[in-house]
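Asks: Below is the file my_file_0.cif, which contains mmCIF, C-alpha atoms.
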```cif
data_input
loop_
_atom_site.label_atom_id
_atom_site.label_comp_id
_atom_site.auth_asym_id
_atom_site.auth_seq_id
_atom_site.Cartn_x
_atom_site.Cartn_y
_atom_site.Cartn_z
CA MET S 985 -0.03 -4.71 -7.69
CA LYS S 986 -0.26 -1.61 -9.83
CA CYS S 987 -3.92 -1.11 -8.98
CA ILE S 988 -3.27 -1.36 -5.24
CA VAL S 989 -0.45 1.18 -5.38
CA VAL S 990 -2.48 3.60 -7.51
CA GLU S 991 -5.53 3.45 -5.27
CA CYS S 992 -3.48 3.89 -2.13
CA THR S 993 -1.52 6.76 -3.68
CA SER S 994 -4.60 8.64 -4.80
CA GLY S 995 -6.51 7.85 -1.62
CA TYR S 996 -3.69 9.06 0.60
CA SER S 997 -3.19 12.17 -1.53
CA SER S 998 -6.82 13.19 -1.25
CA ASN S 999 -7.09 12.45 2.48
CA HIS S 1000 -3.77 14.00 3.42
CA GLU S 1001 -4.74 17.45 2.17
CA LYS S 1002 -7.25 17.73 5.00
CA VAL S 1003 -4.69 16.91 7.69
CA LYS S 1004 -1.71 19.18 7.00
CA LYS S 1005 -1.82 22.95 7.03
CA CYS S 1006 1.67 23.45 5.57
CA PRO S 1007 1.49 25.01 2.06
CA LYS S 1008 4.50 23.02 0.81
CA CYS S 1009 2.93 19.75 1.96
CA ILE S 1010 -0.40 20.59 0.38
CA SER S 1011 1.25 21.59 -2.91
CA PHE S 1012 3.14 18.27 -2.98
CA PHE S 1013 -0.07 16.26 -2.74
CA GLU S 1014 -1.89 18.51 -5.20
CA ASN S 1015 0.87 18.06 -7.78
CA ASN S 1016 -0.70 15.06 -9.47
CA ASP S 1017 0.23 13.74 -12.87
CA ALA S 1018 -2.70 13.05 -15.18
CA TYR S 1019 -0.27 11.68 -17.79
CA HIS S 1020 1.29 9.12 -15.45
CA PRO S 1021 1.09 5.58 -16.90
CA ALA S 1022 -1.01 4.49 -13.94
CA ALA S 1023 -3.41 7.42 -14.26
CA GLU S 1024 -5.50 5.48 -16.76
CA LEU S 1025 -6.68 3.23 -13.93
CA ILE S 1026 -8.00 6.28 -12.08
CA THR S 1027 -10.00 7.48 -15.07
CA LEU S 1028 -11.48 4.02 -15.57
CA LYS S 1029 -12.26 3.25 -11.95
CA SER S 1030 -12.86 6.55 -10.18
CA ARG S 1031 -16.24 8.07 -9.57
CA GLY S 1032 -14.72 11.42 -8.70
CA GLN S 1033 -13.31 10.35 -5.34
CA LEU S 1034 -9.78 9.42 -6.39
CA VAL S 1035 -7.18 11.83 -7.68
CA TYR S 1036 -4.37 11.20 -10.13
CA PRO S 1037 -1.25 9.73 -8.52
CA ASN S 1038 1.70 11.84 -7.53
CA THR S 1039 4.77 10.47 -9.33
CA HIS S 1040 7.11 10.57 -6.32
CA LEU S 1041 4.53 9.05 -3.99
CA TYR S 1042 3.79 6.35 -6.56
CA GLU S 1043 7.49 5.45 -6.79
CA LEU S 1044 7.76 5.29 -2.99
CA LEU S 1045 4.76 2.99 -2.66
CA SER S 1046 5.95 0.85 -5.56
CA LYS S 1047 9.19 0.20 -3.68
CA VAL S 1048 7.24 -0.58 -0.51
CA GLU S 1049 4.95 -2.95 -2.44
CA HIS S 1050 7.91 -4.72 -4.02
CA SER S 1051 9.49 -5.19 -0.61
CA PHE S 1052 6.17 -6.35 0.87
CA SER S 1053 5.75 -8.94 -1.87
CA LEU S 1054 9.19 -10.35 -1.00
CA TYR S 1055 8.47 -10.73 2.72
CA CYS S 1056 4.70 -11.18 2.92
CA HIS S 1057 4.94 -14.81 4.11
CA ASP S 1058 7.49 -14.11 6.84
CA TYR S 1059 6.64 -13.73 10.49
CA ASN S 1060 7.94 -10.20 11.01
CA VAL S 1061 6.89 -8.62 7.72
CA PHE S 1062 6.72 -5.08 9.02
CA ASP S 1063 10.31 -5.03 10.29
CA LYS S 1064 11.72 -6.67 7.19
CA VAL S 1065 9.93 -4.27 4.85
CA ILE S 1066 11.13 -1.25 6.81
CA ASP S 1067 14.69 -2.61 6.86
CA ASP S 1068 14.58 -3.32 3.14
CA ILE S 1069 13.27 0.14 2.30
CA THR S 1070 15.85 1.92 4.43
CA GLU S 1071 18.75 -0.17 3.08
CA ILE S 1072 18.17 0.59 -0.59
CA ASP S 1073 19.27 3.89 -2.07
CA PHE S 1074 16.03 5.64 -1.46
CA ASN S 1075 15.26 9.16 -2.66
CA PHE S 1076 11.80 10.35 -1.72
CA LYS S 1077 11.55 13.85 -3.12
CA TYR S 1078 9.44 15.75 -0.63
CA PRO S 1079 9.61 19.57 -0.71
CA CYS S 1080 9.00 20.31 2.97
CA GLU S 1081 12.14 19.65 5.01
CA GLU S 1082 10.23 20.12 8.26
CA HIS S 1083 7.71 17.31 7.66
CA VAL S 1084 9.60 14.87 5.41
CA ILE S 1085 10.31 12.25 8.10
CA GLU S 1086 6.85 12.49 9.62
CA ILE S 1087 5.06 12.22 6.28
CA THR S 1088 7.25 9.41 4.95
CA THR S 1089 6.75 7.41 8.14
CA GLU S 1090 3.02 8.00 8.06
CA ILE S 1091 2.72 6.95 4.41
CA VAL S 1092 4.82 3.80 4.77
CA VAL S 1093 3.10 2.65 7.98
CA TYR S 1094 -0.34 3.33 6.47
CA TYR S 1095 0.50 1.34 3.36
CA ILE S 1096 2.03 -1.63 5.17
CA GLN S 1097 -0.91 -1.84 7.58
CA MET S 1098 -3.37 -1.71 4.71
CA ARG S 1099 -1.50 -4.44 2.82
CA LEU S 1100 -1.20 -6.63 5.92
CA ARG S 1101 -4.96 -6.45 6.45
CA GLN S 1102 -5.61 -7.28 2.82
CA PHE S 1103 -3.07 -10.11 2.75
CA SER S 1104 -4.35 -11.69 5.96
CA PHE S 1105 -7.93 -11.49 4.68
CA GLN S 1106 -6.94 -13.29 1.47
CA GLU S 1107 -5.00 -15.94 3.39
CA ASN S 1108 -7.96 -16.51 5.74
CA LEU S 1109 -10.25 -17.04 2.76
CA LYS S 1110 -7.86 -19.64 1.39
CA MET S 1111 -7.69 -21.41 4.73
CA LYS S 1112 -11.50 -21.47 5.05
CA LYS S 1113 -11.70 -23.14 1.68
CA ILE S 1114 -9.10 -25.74 2.67
CA PHE S 1115 -10.82 -26.46 5.99
CA ARG S 1116 -14.18 -26.77 4.26
CA GLU S 1117 -12.74 -29.39 1.91
CA LYS S 1118 -11.13 -31.26 4.81
CA LYS S 1119 -14.43 -31.28 6.68
CA LYS S 1120 -16.21 -32.75 3.66
CA VAL S 1121 -13.56 -35.45 3.28
CA SER S 1122 -13.62 -36.27 7.01
CA LYS S 1123 -17.37 -36.95 6.87
CA LEU S 1124 -16.71 -39.70 4.33
CA TYR S 1125 -14.63 -41.73 6.81
CA ASN S 1126 -15.89 -43.54 9.89
CA THR S 1127 -13.74 -43.15 12.94
#
```
Is it possible to express this structure as structure tokens?
Replies:
Amino acid sequence: MKCIVVECTSGYSSNHEKVKKCPKCISFFENNDAYHPAAELITLKSRGQLVYPNTHLYELLSKVEHSFSLYCHDYNVFDKVIDDITEIDFNFKYPCEEHVIEITTEIVVYYIQMRLRQFSFQENLKMKKIFREKKKVSKLYNT
């Protein structure tokens, strides 16, 4: 879980700088913490493409990941995760009052979509393995 959150945090931080022109928004994503406990993963894994995670963004995505892990097997995961995030006492410290809702929405939707793709891929691999075993067993029986 920690690795997923760190990669998504650093990936979003580096890609977001190209999108926004607001100086407050850019300074938020440039304010990365090299001494963050999760920053060690970046130094071990990165080939210069990832940046150190922003502490506030990391906390936000950690809460989203925790909520996703609770509801990942439910039918309407997206709605339940959004409801769970908005119900908890949630303080995302973003300096730009003008873009805070837009950026938070963009980050959360991006993360949930990415996790849904990854989760469904993993589940499909498990199902392929199960179906392969069932196919082998079915060839042993005459019908």
Asks: Quote the spacing between CA of Tyr1078 in chain S and CA of Cys1056 in chain S in Å to one decimal place.
Replies: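 Interatomic distance, CA of Tyr1078 in chain S to CA of Cys1056 in chain S: 27.6 Å.
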Asks: On this structure, the PyMOL selection byres ((chain S and resi 1069-1073) around 8) would catch which residues? List them as a list of chain:residue names, sorted by chain and number.
Replies: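 Residues picked by the PyMOL selection byres ((chain S and resi 1069-1073) around 8): S:Lys1047, S:Val1048, S:Ser1051, S:Val1065, S:Ile1066, S:Asp1067, S:Asp1068, S:Phe1074, S:Asn1075.
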Asks: Using C-alpha atoms, can you export the residues from the last selection as a compact mmCIF listing (two decimals), in the coordinates of the input?
Replies:
```txt
# COMPACT_ATOMS: atom_id res chain seq x y z
CA LYS S 1047 9.19 0.20 -3.68
CA VAL S 1048 7.24 -0.58 -0.51
CA SER S 1051 9.49 -5.19 -0.61
CA VAL S 1065 9.93 -4.27 4.85
CA ILE S 1066 11.13 -1.25 6.81
CA ASP S 1067 14.69 -2.61 6.86
CA ASP S 1068 14.58 -3.32 3.14
CA PHE S 1074 16.03 5.64 -1.46
CA ASN S 1075 15.26 9.16 -2.66
```
Asks: Could you tell me how far CA of Ile1087 in chain S lies from CA of Glu1043 in chain S, in Å and to one decimal?
Replies: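 Straight-line distance from CA of Ile1087 in chain S to CA of Glu1043 in chain S works out to 14.9 Å.
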Asks: Translate the PyMOL selection byres ((chain S and resi 1045) around 8), as applied to the file shown, into an explicit residue set as a ChimeraX atom specification.
Replies: /S:989,993,1041-1044,1046-1049,1092,1095
Asks: So what do you get for CA of Leu1054 in chain S versus CA of Glu1090 in chain S, distance-wise?
Replies: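 Straight-line distance from CA of Leu1054 in chain S to CA of Glu1090 in chain S works out to 21.4 Å.
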Asks: Could you make a table, as a tab-separated table, of the residues of range 1058-1092 of chain S that have an atom within 10 Å of an atom of range 1006-1015 of chain S, each with its nearest atom pair and distance in Å to one decimal, counting all atoms listed in the file, in chain and number order?
Replies:
```
residue	atom	partner	partner_atom	distance
S:Lys1077	CA	S:Phe1012	CA	9.5
S:Tyr1078	CA	S:Phe1012	CA	7.2
S:Pro1079	CA	S:Lys1008	CA	6.4
S:Cys1080	CA	S:Lys1008	CA	5.7
S:Glu1081	CA	S:Lys1008	CA	9.3
S:Glu1082	CA	S:Cys1006	CA	9.6
S:His1083	CA	S:Cys1009	CA	7.8
S:Val1084	CA	S:Cys1009	CA	9.0
S:Ile1087	CA	S:Cys1009	CA	8.9
```
